[in-house]
file final_14.txt (compact mmCIF, C-alpha atoms)
# COMPACT_ATOMS: atom_id res chain seq x y z
CA MET A 9 -8.21 -0.55 -23.66
CA SER A 10 -11.92 -0.78 -22.85
CA VAL A 11 -13.36 -1.11 -19.36
CA ASN A 12 -14.09 -4.78 -20.08
CA ASP A 13 -10.42 -5.37 -20.94
CA ALA A 14 -9.08 -3.77 -17.73
CA PRO A 15 -6.90 -6.08 -15.61
CA VAL A 16 -8.88 -7.91 -12.91
CA PRO A 17 -7.00 -8.45 -9.62
CA LEU A 18 -7.01 -11.96 -8.18
CA SER A 19 -9.28 -12.82 -5.27
CA ARG A 20 -7.90 -14.17 -1.99
CA GLN A 21 -8.77 -17.69 -3.11
CA GLN A 22 -7.10 -17.21 -6.49
CA MET A 23 -3.94 -15.87 -4.85
CA ALA A 24 -3.79 -18.95 -2.61
CA ALA A 25 -4.43 -21.28 -5.56
CA ARG A 26 -1.66 -19.61 -7.57
CA ALA A 27 0.84 -20.20 -4.76
CA ALA A 28 -0.32 -23.79 -4.24
CA ILE A 29 0.52 -24.66 -7.84
CA ASP A 30 4.19 -23.83 -7.23
CA ILE A 31 4.74 -26.03 -4.14
CA PRO A 32 6.67 -29.15 -5.20
CA GLU A 33 5.86 -32.73 -4.31
CA GLY A 34 6.96 -33.83 -0.86
CA TRP A 35 7.66 -30.42 0.69
CA TYR A 36 6.94 -29.76 4.37
CA VAL A 37 5.12 -26.41 4.53
CA ASN A 38 3.89 -24.08 7.27
CA LEU A 39 1.02 -21.72 6.48
CA GLY A 40 0.62 -18.41 8.28
CA ILE A 41 -2.76 -17.04 9.32
CA GLY A 42 -4.93 -15.18 6.83
CA VAL A 43 -4.78 -15.87 3.10
CA PRO A 44 -1.88 -18.37 3.45
CA THR A 45 -4.14 -20.84 5.29
CA LEU A 46 -6.23 -21.13 2.10
CA VAL A 47 -3.27 -22.65 0.23
CA ALA A 48 -4.00 -26.10 1.71
CA ASP A 49 -7.36 -26.10 -0.09
CA TYR A 50 -5.78 -25.79 -3.56
CA VAL A 51 -2.87 -28.22 -3.75
CA PRO A 52 -3.49 -30.55 -6.72
CA PRO A 53 -5.02 -33.83 -5.46
CA ASP A 54 -2.27 -35.93 -7.05
CA ARG A 55 0.51 -34.03 -5.23
CA GLU A 56 1.60 -34.78 -1.67
CA VAL A 57 2.45 -31.67 0.34
CA ILE A 58 2.73 -32.06 4.13
CA PHE A 59 1.33 -29.02 5.93
CA HIS A 60 2.57 -28.09 9.40
CA SER A 61 0.85 -25.91 12.00
CA GLU A 62 2.95 -24.51 14.83
CA ASN A 63 0.39 -25.41 17.48
CA GLY A 64 1.35 -29.05 16.88
CA ILE A 65 -0.06 -30.64 13.72
CA LEU A 66 1.69 -32.33 10.80
CA GLY A 67 -0.50 -33.39 7.89
CA VAL A 68 -3.07 -30.57 7.90
CA GLY A 69 -5.73 -31.06 5.23
CA PRO A 70 -8.29 -28.75 3.59
CA ALA A 71 -10.79 -26.81 5.66
CA PRO A 72 -13.76 -29.01 6.69
CA ALA A 73 -17.37 -28.47 5.77
CA GLU A 74 -19.17 -26.73 8.63
CA GLU A 75 -21.16 -29.84 9.54
CA ASN A 76 -17.96 -31.93 9.72
CA ARG A 77 -15.93 -29.65 12.00
CA ASP A 78 -14.07 -31.21 14.91
CA PRO A 79 -14.19 -28.54 17.65
CA TRP A 80 -10.82 -29.73 19.00
CA LEU A 81 -8.94 -29.72 15.72
CA ILE A 82 -7.73 -26.19 14.90
CA ASN A 83 -4.65 -24.56 13.41
CA ALA A 84 -2.51 -21.82 14.94
CA GLY A 85 -4.99 -19.21 13.72
CA LYS A 86 -7.84 -20.98 15.58
CA GLN A 87 -9.44 -22.06 12.31
CA HIS A 88 -10.96 -25.52 12.05
CA VAL A 89 -8.91 -27.91 9.91
CA THR A 90 -8.83 -31.54 8.84
CA ILE A 91 -5.93 -33.93 9.16
CA HIS A 92 -4.79 -36.40 6.51
CA ALA A 93 -4.37 -40.11 7.17
CA GLY A 94 -0.92 -40.57 8.69
CA GLY A 95 -0.93 -37.07 10.19
CA ALA A 96 0.39 -36.42 13.68
CA LEU A 97 -0.38 -34.30 16.73
CA PHE A 98 2.41 -33.28 19.09
CA HIS A 99 3.52 -30.84 21.77
CA HIS A 100 3.91 -27.16 20.97
CA ALA A 101 7.59 -27.32 21.99
CA ASP A 102 8.23 -30.20 19.55
CA SER A 103 6.55 -28.17 16.82
CA PHE A 104 8.94 -25.26 17.37
CA ALA A 105 11.88 -27.67 17.48
CA MET A 106 10.89 -28.68 13.94
CA ILE A 107 10.75 -25.00 12.91
CA ARG A 108 14.00 -23.94 14.58
CA GLY A 109 15.77 -27.11 13.45
CA GLY A 110 15.39 -26.23 9.78
CA HIS A 111 13.01 -29.09 8.94
CA LEU A 112 10.44 -27.03 7.00
CA ASP A 113 10.97 -26.59 3.27
CA LEU A 114 8.73 -23.55 3.07
CA CYS A 115 6.69 -21.11 5.13
CA VAL A 116 3.97 -19.03 3.47
CA LEU A 117 3.14 -15.83 5.37
CA GLY A 118 1.10 -12.69 4.99
CA ALA A 119 2.73 -9.26 5.27
CA TYR A 120 2.08 -5.53 5.51
CA GLN A 121 5.25 -4.74 3.53
CA VAL A 122 8.03 -6.55 1.67
CA ALA A 123 11.22 -4.77 0.62
CA ALA A 124 13.28 -5.32 -2.53
CA ASN A 125 16.02 -7.02 -0.49
CA GLY A 126 13.67 -9.59 1.11
CA ASP A 127 12.99 -7.77 4.40
CA PHE A 128 9.38 -8.07 5.53
CA ALA A 129 7.04 -6.67 8.16
CA ASN A 130 3.90 -8.56 9.12
CA TRP A 131 3.03 -7.84 12.74
CA SER A 132 2.70 -4.08 13.23
CA THR A 133 2.02 -0.93 11.24
CA GLY A 134 2.08 1.32 14.27
CA ALA A 135 -1.61 2.11 13.75
CA GLU A 136 -2.62 -1.54 13.96
CA SER A 137 -0.74 -4.41 15.52
CA ALA A 138 -1.00 -8.06 16.44
CA PRO A 139 -0.67 -8.80 20.18
CA ALA A 140 2.89 -9.95 19.46
CA VAL A 141 5.01 -11.11 16.57
CA GLY A 142 4.10 -14.69 17.49
CA GLY A 143 5.86 -17.56 15.72
CA ALA A 144 6.59 -15.57 12.56
CA MET A 145 10.16 -14.68 13.61
CA ASP A 146 10.96 -18.35 14.32
CA LEU A 147 9.44 -19.40 11.00
CA ALA A 148 11.23 -16.63 9.12
CA VAL A 149 14.68 -17.81 10.21
CA GLY A 150 13.91 -21.55 10.58
CA ALA A 151 12.18 -22.42 7.30
CA LYS A 152 14.36 -22.98 4.24
CA ARG A 153 12.24 -20.61 2.12
CA ILE A 154 9.79 -17.79 2.84
CA TRP A 155 7.01 -16.89 0.43
CA VAL A 156 4.58 -14.04 1.07
CA ILE A 157 0.96 -13.70 -0.09
CA MET A 158 -0.39 -10.16 0.15
CA GLU A 159 -2.47 -7.46 -1.51
CA HIS A 160 -0.27 -5.45 -3.86
CA THR A 161 -1.35 -2.11 -2.34
CA THR A 162 -3.09 -0.83 0.77
CA ARG A 163 -6.78 0.06 0.70
CA GLU A 164 -5.68 3.64 0.07
CA GLY A 165 -3.56 2.56 -2.91
CA ALA A 166 -0.13 2.91 -1.27
CA PRO A 167 2.53 0.36 -2.35
CA ARG A 168 3.19 -2.62 -0.10
CA LEU A 169 6.22 -3.70 -2.16
CA VAL A 170 8.74 -1.08 -1.15
CA THR A 171 12.38 -0.09 -1.45
CA ARG A 172 12.75 -0.23 2.31
CA CYS A 173 10.21 -1.28 4.96
CA SER A 174 8.90 1.53 7.13
CA TYR A 175 7.14 -0.81 9.58
CA PRO A 176 8.91 -2.83 12.33
CA LEU A 177 10.62 -5.81 10.68
CA THR A 178 9.67 -9.40 11.32
CA ALA A 179 12.91 -10.58 9.70
CA GLY A 180 15.52 -9.32 7.27
CA ARG A 181 16.47 -10.65 3.84
CA VAL A 182 14.45 -13.87 4.02
CA VAL A 183 11.58 -13.52 1.50
CA THR A 184 12.31 -15.16 -1.84
CA ARG A 185 8.92 -14.97 -3.60
CA ILE A 186 5.82 -12.78 -3.37
CA TYR A 187 2.29 -13.56 -4.58
CA THR A 188 -0.03 -10.56 -4.87
CA ASN A 189 -3.43 -9.96 -6.40
CA LEU A 190 -1.61 -8.51 -9.43
CA ALA A 191 1.60 -10.50 -9.93
CA VAL A 192 4.10 -13.15 -8.86
CA LEU A 193 7.54 -11.70 -8.10
CA ASP A 194 10.93 -13.04 -7.04
CA VAL A 195 13.28 -11.12 -4.75
CA ALA A 196 16.60 -10.26 -6.39
CA GLU A 197 18.44 -8.34 -3.62
CA THR A 198 18.08 -4.85 -5.13
CA HIS A 199 14.85 -5.23 -7.12
CA LEU A 200 11.94 -7.57 -7.82
CA VAL A 201 11.71 -9.84 -10.85
CA VAL A 202 8.19 -10.18 -12.26
CA ARG A 203 7.42 -13.82 -13.07
CA SER A 204 3.80 -13.35 -14.10
CA MET A 205 1.03 -10.72 -14.08
CA VAL A 206 -2.75 -10.84 -14.30
CA PRO A 207 -3.99 -10.71 -17.90
CA GLY A 208 -3.97 -7.24 -19.42
CA LEU A 209 -1.52 -5.72 -16.93
CA THR A 210 1.71 -4.19 -18.24
CA LEU A 211 5.05 -3.86 -16.46
CA ALA A 212 4.72 -0.07 -16.60
CA ALA A 213 1.29 -0.18 -14.94
CA LEU A 214 2.56 -2.58 -12.28
CA GLN A 215 5.54 -0.30 -11.58
CA GLU A 216 3.15 2.60 -10.98
CA VAL A 217 1.72 0.80 -7.91
CA THR A 218 5.07 -0.62 -6.75
CA GLU A 219 7.76 1.38 -4.98
CA ALA A 220 10.47 -1.27 -5.40
CA GLU A 221 12.16 -1.42 -8.79
CA LEU A 222 10.77 -4.09 -11.12
CA SER A 223 12.28 -6.03 -14.00
CA LEU A 224 11.35 -8.93 -16.25
CA PRO A 225 13.37 -12.18 -16.16

call {"tool": "encode", "arguments": {"input": "final_14.txt", "output": "structure tokens"}}
result
Amino acid sequence: MSVNDAPVPLSRQQMAARAAIDIPEGWYVNLGIGVPTLVADYVPPDREVIFHSENGILGVGPAPAEENRDPWLINAGKQHVTIHAGGALFHHADSFAMIRGGHLDLCVLGAYQVAANGDFANWSTGAESAPAVGGAMDLAVGAKRIWVIMEHTTREGAPRLVTRCSYPLTAGRVVTRIYTNLAVLDVAETHLVVRSMVPGLTLAALQEVTEAELSLP
């Protein structure tokens, strides 16, 4: 294989767009901070997906152009957002009642690690840490499905898809699908099932950068 034929990892925007394609019509979806927030920008225009933000918004739209920003309209990650016609603003407590009540079809989160059994860690590596786990634990157990968008490896090349998480868990056995810059994978309890890979990548090459066991459907 020549250098020109080498697999090209997806960008952050491409990862978000790939996940957006898979969200069905009519789902209520929460987007975590980081790459997941980009998903709202890539839902096909003819498909209605209702995005929720835990600070109290239902009907979040794509990110606004800089000149059209409303300084008072932000998501839970303090990023400026738009709101679709028919959207709603409500109290933070009501927002978490929606989460804890099982009313969200999907939550898309980022992560440091995901294990083969669906465990995931997204708030602390020990070396770096968010101020607290935030709403991720509530979302992890309240949403009907958890998808993760993440880089396939660390900057040093270490696997993020592991046999067992070494970082403090956010929640256990909840992740069902993972979108990385190299592949889309489903969690199958003891291993990960590869649904798609970037062009030119082989299963053997993907396994080399993945600690968890991989298989094809």

call {"tool": "closest_residue", "arguments": {"input": "final_14.txt", "among": "A:Gln22, A:Ser103, A:Thr184, A:Thr171", "to": "Glu159 in chain A", "atoms": "all atoms listed in the file"}}
result
A:Gln22

call {"tool": "closest_residue", "arguments": {"input": "final_14.txt", "among": "A:Ala84, A:Ala144, A:Leu214, A:Ile107", "to": "Val202 in chain A", "atoms": "all atoms listed in the file"}}
result
A:Leu214

call {"tool": "closest_residue", "arguments": {"input": "final_14.txt", "among": "A:Phe104, A:Phe98, A:Trp35, A:Tyr187", "to": "Gln21 in chain A", "atoms": "all atoms listed in the file"}}
result
A:Tyr187

call {"tool": "closest_atom_pairs", "arguments": {"input": "final_14.txt", "of": "range 88-121 of chain A", "to": "range 164-168 of chain A", "cutoff": "9 Å", "atoms": "only C-alpha atoms", "output": "Markdown table"}}
result
| residue | atom | partner | partner_atom | distance |
| --- | --- | --- | --- | --- |
| A:Ala119 | CA | A:Arg168 | CA | 8.6 |
| A:Tyr120 | CA | A:Arg168 | CA | 6.4 |
| A:Gln121 | CA | A:Arg168 | CA | 4.7 |

call {"tool": "residues_around", "arguments": {"input": "final_14.txt", "residues": "Asp49 in chain A", "least_positions_apart": "3", "cutoff": "12 Å", "atoms": "all atoms listed in the file", "output": "ChimeraX atom specification"}}
result
/A:21-29,39,43-46,52-53,57,59,68-73,89-90

call {"tool": "residues_around", "arguments": {"input": "final_14.txt", "residues": "Ala196 in chain A", "least_positions_apart": "5", "cutoff": "12 Å", "atoms": "only C-alpha atoms", "output": "ChimeraX atom specification"}}
result
/A:123-127,181-186,201-203,220-225

call {"tool": "closest_residue", "arguments": {"input": "final_14.txt", "among": "A:Ala135, A:Ala93, A:Cys173, A:Met158", "to": "Ile41 in chain A", "atoms": "all atoms listed in the file"}}
result
A:Met158

call {"tool": "residues_near_point", "arguments": {"input": "final_14.txt", "point": "(8.9, -28.8, 6.4)", "cutoff": "9 Å", "atoms": "all atoms listed in the file", "output": "list in words"}}
result
Trp35, Tyr36, Val37, Asn38, Ile58, Phe59, His60, Met106, Ile107, Gly110, His111, Leu112, Asp113, Leu114, Cys115, Ala151 and Lys152 of chain A
